[in-house]
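Have a look at the structure below before the remarks.
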Amino acid sequence: MIKTFENYSFDDIQIPNSIDIETIKTTAFINKKENLILYGPVGTGKTHLATAIGVEACSRAKKVKFYRTAALVNQLLETKRSGELKKFLKQLENLDLLICDEWGYIPLEKEGS
Ligand SMILES: Nc1ncnc2c1ncn2[C@@H]1O[C@H](COP(=O)(O)OP(=O)(O)OP(=O)(O)O)[C@@H](O)[C@H]1O
Ligand SMILES: [Mg+2]
């Protein structure tokens, strides 16, 4: 589902001193080649924030992909099997922003990891 910053509340979100809300909302961390890790209990807005960042980055002409991590791993395994892993990795490398949602929800096998 598409979500934006419009109705996102940062009130209960803790942000480390090394980054500020503007850097997140303007997606400036992408230009700095920094990673953002969103963590917290169920329903605390991780997917909403990740989506809002992705939508904002798209509107700034950035190349973005959003995956549930398990789906990304499946695609990596599938492309490896069909001999297209290199091509798929190249597509990922060309992205400005790769969003991996639901990281750590399902255990991954060694090869998938
Ligand atoms: N800070 C927030 N501001 C506005 N809406 C929020 C906020 N946090 C959560 N919500 C809303 O609550 C619902 C659940 O949030 P979301 O799906 O982003 O949680 P989550 O952290 O990804 O949960 P899960 O760990 O289950 O994946 C969504 O409809 C989302 O829009
Ligand atoms: Mg979520």
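Chain labels follow the order of the structure tokens: the first chain is A, the next B, and so on; residue numbering restarts at 1 in every chain, and ligands are counted from 1 in their shown order.
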
Item to check | Within-12 Å residues of ligand 1, basis only C-alpha atoms and all ligand atoms, as a VMD selection string | outcome: chain A and resid 1 to 14 37 to 53 68 to 69 100 to 105

Using N, CA, C and O atoms, can you export the residues from the last selection as a compact mmCIF listing (two decimals), in the first residue's frame?
# COMPACT_ATOMS: atom_id res chain seq x y z
N MET A 1 0.84 -1.19 0.00
CA MET A 1 0.00 0.00 0.00
C MET A 1 0.88 1.26 0.00
O MET A 1 1.88 1.30 0.72
N ILE A 2 0.51 2.23 -0.82
CA ILE A 2 1.29 3.47 -0.88
C ILE A 2 1.09 4.28 0.40
O ILE A 2 -0.03 4.51 0.84
N LYS A 3 2.20 4.68 1.01
CA LYS A 3 2.15 5.52 2.21
C LYS A 3 3.11 6.68 1.99
O LYS A 3 4.13 6.53 1.31
N THR A 4 2.79 7.82 2.58
CA THR A 4 3.67 8.99 2.41
C THR A 4 3.99 9.61 3.77
O THR A 4 3.49 9.16 4.81
N PHE A 5 4.79 10.66 3.74
CA PHE A 5 5.13 11.37 4.97
C PHE A 5 3.97 12.23 5.47
O PHE A 5 3.97 12.68 6.61
N GLU A 6 2.99 12.44 4.57
CA GLU A 6 1.90 13.37 4.85
C GLU A 6 1.22 13.07 6.19
O GLU A 6 0.97 13.97 6.97
N ASN A 7 0.96 11.77 6.41
CA ASN A 7 0.27 11.43 7.66
C ASN A 7 1.17 10.57 8.56
O ASN A 7 0.69 9.75 9.32
N TYR A 8 2.48 10.77 8.43
CA TYR A 8 3.40 10.01 9.28
C TYR A 8 3.81 10.85 10.47
O TYR A 8 4.27 11.99 10.31
N SER A 9 3.67 10.29 11.65
CA SER A 9 4.06 11.03 12.86
C SER A 9 5.41 10.53 13.38
O SER A 9 5.58 9.33 13.64
N PHE A 10 6.36 11.45 13.53
CA PHE A 10 7.68 11.10 14.06
C PHE A 10 7.71 11.20 15.60
O PHE A 10 8.74 10.98 16.21
N ASP A 11 6.55 11.56 16.19
CA ASP A 11 6.50 11.83 17.64
C ASP A 11 7.09 10.71 18.50
O ASP A 11 7.81 10.98 19.45
N ASP A 12 6.76 9.48 18.17
CA ASP A 12 7.22 8.36 18.99
C ASP A 12 8.42 7.63 18.39
O ASP A 12 8.76 6.53 18.80
N ILE A 13 9.02 8.24 17.37
CA ILE A 13 10.15 7.59 16.71
C ILE A 13 11.46 8.15 17.27
O ILE A 13 11.65 9.36 17.31
N GLN A 14 12.32 7.27 17.69
CA GLN A 14 13.63 7.69 18.20
C GLN A 14 14.62 7.69 17.04
O GLN A 14 14.77 6.69 16.35
N ILE A 37 18.52 1.70 9.10
CA ILE A 37 17.93 0.48 9.66
C ILE A 37 16.77 0.89 10.56
O ILE A 37 16.95 1.66 11.50
N LEU A 38 15.58 0.41 10.22
CA LEU A 38 14.38 0.72 10.99
C LEU A 38 14.06 -0.48 11.86
O LEU A 38 13.85 -1.57 11.33
N TYR A 39 14.05 -0.30 13.16
CA TYR A 39 13.70 -1.44 13.99
C TYR A 39 12.76 -1.03 15.12
O TYR A 39 12.73 0.12 15.55
N GLY A 40 11.97 -2.00 15.55
CA GLY A 40 11.01 -1.74 16.60
C GLY A 40 9.90 -2.78 16.56
O GLY A 40 9.83 -3.57 15.62
N PRO A 41 9.05 -2.76 17.59
CA PRO A 41 7.99 -3.76 17.68
C PRO A 41 6.99 -3.68 16.53
O PRO A 41 6.99 -2.72 15.75
N VAL A 42 6.12 -4.67 16.47
CA VAL A 42 5.07 -4.76 15.44
C VAL A 42 4.19 -3.51 15.46
O VAL A 42 3.83 -3.01 16.51
N GLY A 43 3.90 -3.02 14.27
CA GLY A 43 2.94 -1.93 14.13
C GLY A 43 3.45 -0.55 14.51
O GLY A 43 2.68 0.37 14.73
N THR A 44 4.78 -0.40 14.58
CA THR A 44 5.33 0.89 15.00
C THR A 44 5.74 1.77 13.82
O THR A 44 6.41 2.79 14.00
N GLY A 45 5.36 1.38 12.60
CA GLY A 45 5.54 2.28 11.46
C GLY A 45 6.78 2.06 10.62
O GLY A 45 7.15 2.92 9.82
N LYS A 46 7.39 0.89 10.73
CA LYS A 46 8.60 0.63 9.93
C LYS A 46 8.28 0.56 8.44
O LYS A 46 8.95 1.18 7.62
N THR A 47 7.23 -0.21 8.13
CA THR A 47 6.86 -0.35 6.71
C THR A 47 6.34 0.98 6.16
O THR A 47 6.66 1.37 5.02
N HIS A 48 5.56 1.68 6.97
CA HIS A 48 5.04 2.99 6.54
C HIS A 48 6.20 3.94 6.23
O HIS A 48 6.24 4.55 5.16
N LEU A 49 7.17 4.02 7.13
CA LEU A 49 8.31 4.93 6.93
C LEU A 49 9.14 4.51 5.72
O LEU A 49 9.52 5.35 4.88
N ALA A 50 9.39 3.20 5.61
CA ALA A 50 10.19 2.71 4.48
C ALA A 50 9.48 3.03 3.16
O ALA A 50 10.13 3.43 2.17
N THR A 51 8.15 2.89 3.15
CA THR A 51 7.38 3.17 1.93
C THR A 51 7.42 4.66 1.61
O THR A 51 7.63 5.05 0.45
N ALA A 52 7.23 5.48 2.64
CA ALA A 52 7.24 6.93 2.44
C ALA A 52 8.59 7.40 1.89
O ALA A 52 8.65 8.24 0.99
N ILE A 53 9.65 6.82 2.41
CA ILE A 53 11.00 7.16 1.92
C ILE A 53 11.11 6.73 0.44
O ILE A 53 11.62 7.49 -0.40
N ARG A 68 9.89 -7.38 0.22
CA ARG A 68 9.95 -8.12 1.47
C ARG A 68 11.23 -8.94 1.35
O ARG A 68 11.47 -9.56 0.30
N THR A 69 12.02 -8.98 2.39
CA THR A 69 13.35 -9.60 2.30
C THR A 69 13.25 -11.05 1.82
O THR A 69 14.06 -11.48 0.99
N CYS A 100 14.55 -3.34 2.02
CA CYS A 100 14.33 -4.74 2.41
C CYS A 100 13.43 -4.75 3.64
O CYS A 100 13.92 -4.56 4.76
N ASP A 101 12.16 -4.94 3.42
CA ASP A 101 11.21 -4.91 4.53
C ASP A 101 11.12 -6.30 5.16
O ASP A 101 11.46 -7.30 4.54
N GLU A 102 10.65 -6.33 6.37
CA GLU A 102 10.45 -7.59 7.11
C GLU A 102 11.72 -8.42 7.16
O GLU A 102 11.71 -9.64 7.00
N TRP A 103 12.80 -7.72 7.39
CA TRP A 103 14.11 -8.35 7.58
C TRP A 103 14.05 -9.12 8.90
O TRP A 103 13.62 -8.58 9.90
N GLY A 104 14.47 -10.37 8.85
CA GLY A 104 14.56 -11.12 10.10
C GLY A 104 13.26 -11.74 10.56
O GLY A 104 13.17 -12.28 11.65
N TYR A 105 12.20 -11.64 9.74
CA TYR A 105 10.93 -12.27 10.14
C TYR A 105 10.95 -13.77 9.91
O TYR A 105 10.31 -14.51 10.62

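Residue neighbourhood of range 108-111 of chain A, excluding near-sequence residues (fewer than 4 positions): Thr69, Ala70, Val73, Asn74, Leu76, Leu77 and Gly104 of chain A, at 10 Å, using only C-alpha atoms.
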
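Closest approach to ligand 2 among A:Thr79, A:Ile99, A:Asn35, A:Ala61 is made by A:Ile99 (distances from only C-alpha atoms and all ligand atoms).
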
Next on the checklist: Show me, as a list in words, the residues that have an atom within 10 Å of Lys62 in chain A when counting only C-alpha atoms, minus same-chain residues fewer than 6 positions from it.
Outcome noted: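 The contact residues come out as Thr27, Ile30, Asn31, Gly54, Val55, Glu56, Leu95, Asp96 and Leu97 of chain A.
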
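CA of Ser59 in chain A is positioned 19.9 Å from CA of Glu93 in chain A.
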
Next on the checklist: From a backbone DSSP assignment, name each residue in chain A labelled alpha helix (DSSP H), as an MDAnalysis selection string.
Outcome noted: chainID A and resid 21:25 28:31 46:59 69:81 85:93

Checklist entry - as a PyMOL selection string, which residues of chain A does DSSP assign to strand (DSSP E)? => result chain A and resi 64-68+97-101

Give me a file of those residues, with N, CA, C and O atoms, as a PDB file, in the first residue's frame.
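The new file part.pdb reads:
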ATOM      1  N   VAL A  64      14.351   3.024  -7.320  1.00  0.00           N
ATOM      2  CA  VAL A  64      13.996   2.414  -6.038  1.00  0.00           C
ATOM      3  C   VAL A  64      13.349   1.050  -6.243  1.00  0.00           C
ATOM      4  O   VAL A  64      12.571   0.870  -7.180  1.00  0.00           O
ATOM      5  N   LYS A  65      13.673   0.104  -5.385  1.00  0.00           N
ATOM      6  CA  LYS A  65      12.908  -1.144  -5.342  1.00  0.00           C
ATOM      7  C   LYS A  65      12.576  -1.470  -3.899  1.00  0.00           C
ATOM      8  O   LYS A  65      13.395  -1.257  -2.997  1.00  0.00           O
ATOM      9  N   PHE A  66      11.382  -1.953  -3.717  1.00  0.00           N
ATOM     10  CA  PHE A  66      10.894  -2.341  -2.387  1.00  0.00           C
ATOM     11  C   PHE A  66      10.626  -3.841  -2.396  1.00  0.00           C
ATOM     12  O   PHE A  66       9.864  -4.337  -3.216  1.00  0.00           O
ATOM     13  N   TYR A  67      11.277  -4.544  -1.496  1.00  0.00           N
ATOM     14  CA  TYR A  67      11.067  -5.994  -1.372  1.00  0.00           C
ATOM     15  C   TYR A  67      10.742  -6.363   0.062  1.00  0.00           C
ATOM     16  O   TYR A  67      11.283  -5.762   1.000  1.00  0.00           O
ATOM     17  N   ARG A  68       9.892  -7.381   0.219  1.00  0.00           N
ATOM     18  CA  ARG A  68       9.952  -8.116   1.472  1.00  0.00           C
ATOM     19  C   ARG A  68      11.229  -8.944   1.353  1.00  0.00           C
ATOM     20  O   ARG A  68      11.468  -9.562   0.299  1.00  0.00           O
ATOM     21  N   LEU A  97      18.179   3.122  -4.251  1.00  0.00           N
ATOM     22  CA  LEU A  97      17.644   2.725  -2.943  1.00  0.00           C
ATOM     23  C   LEU A  97      17.026   1.338  -3.033  1.00  0.00           C
ATOM     24  O   LEU A  97      16.137   1.085  -3.849  1.00  0.00           O
ATOM     25  N   LEU A  98      17.508   0.439  -2.208  1.00  0.00           N
ATOM     26  CA  LEU A  98      16.950  -0.905  -2.105  1.00  0.00           C
ATOM     27  C   LEU A  98      16.341  -1.056  -0.710  1.00  0.00           C
ATOM     28  O   LEU A  98      17.057  -0.974   0.292  1.00  0.00           O
ATOM     29  N   ILE A  99      15.033  -1.237  -0.668  1.00  0.00           N
ATOM     30  CA  ILE A  99      14.342  -1.373   0.614  1.00  0.00           C
ATOM     31  C   ILE A  99      14.082  -2.848   0.878  1.00  0.00           C
ATOM     32  O   ILE A  99      13.486  -3.541   0.052  1.00  0.00           O
ATOM     33  N   CYS A 100      14.547  -3.340   2.019  1.00  0.00           N
ATOM     34  CA  CYS A 100      14.331  -4.736   2.407  1.00  0.00           C
ATOM     35  C   CYS A 100      13.431  -4.745   3.638  1.00  0.00           C
ATOM     36  O   CYS A 100      13.916  -4.556   4.765  1.00  0.00           O
ATOM     37  N   ASP A 101      12.157  -4.942   3.416  1.00  0.00           N
ATOM     38  CA  ASP A 101      11.209  -4.914   4.529  1.00  0.00           C
ATOM     39  C   ASP A 101      11.116  -6.304   5.156  1.00  0.00           C
ATOM     40  O   ASP A 101      11.463  -7.302   4.535  1.00  0.00           O
TER      41      ASP A 101
END

Checklist entry - Quick one: distance from CA of Leu36 in chain A to CA of Leu89 in chain A in Å, one decimal? => result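 Going from CA of Leu36 in chain A over to CA of Leu89 in chain A covers 20.5 Å.
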
Checklist entry - What is the CA of Lys32 in chain A-CA of Leu92 in chain A distance in Å, reported with one decimal? => result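 One can read the CA of Lys32 in chain A to CA of Leu92 in chain A distance as 17.7 Å.
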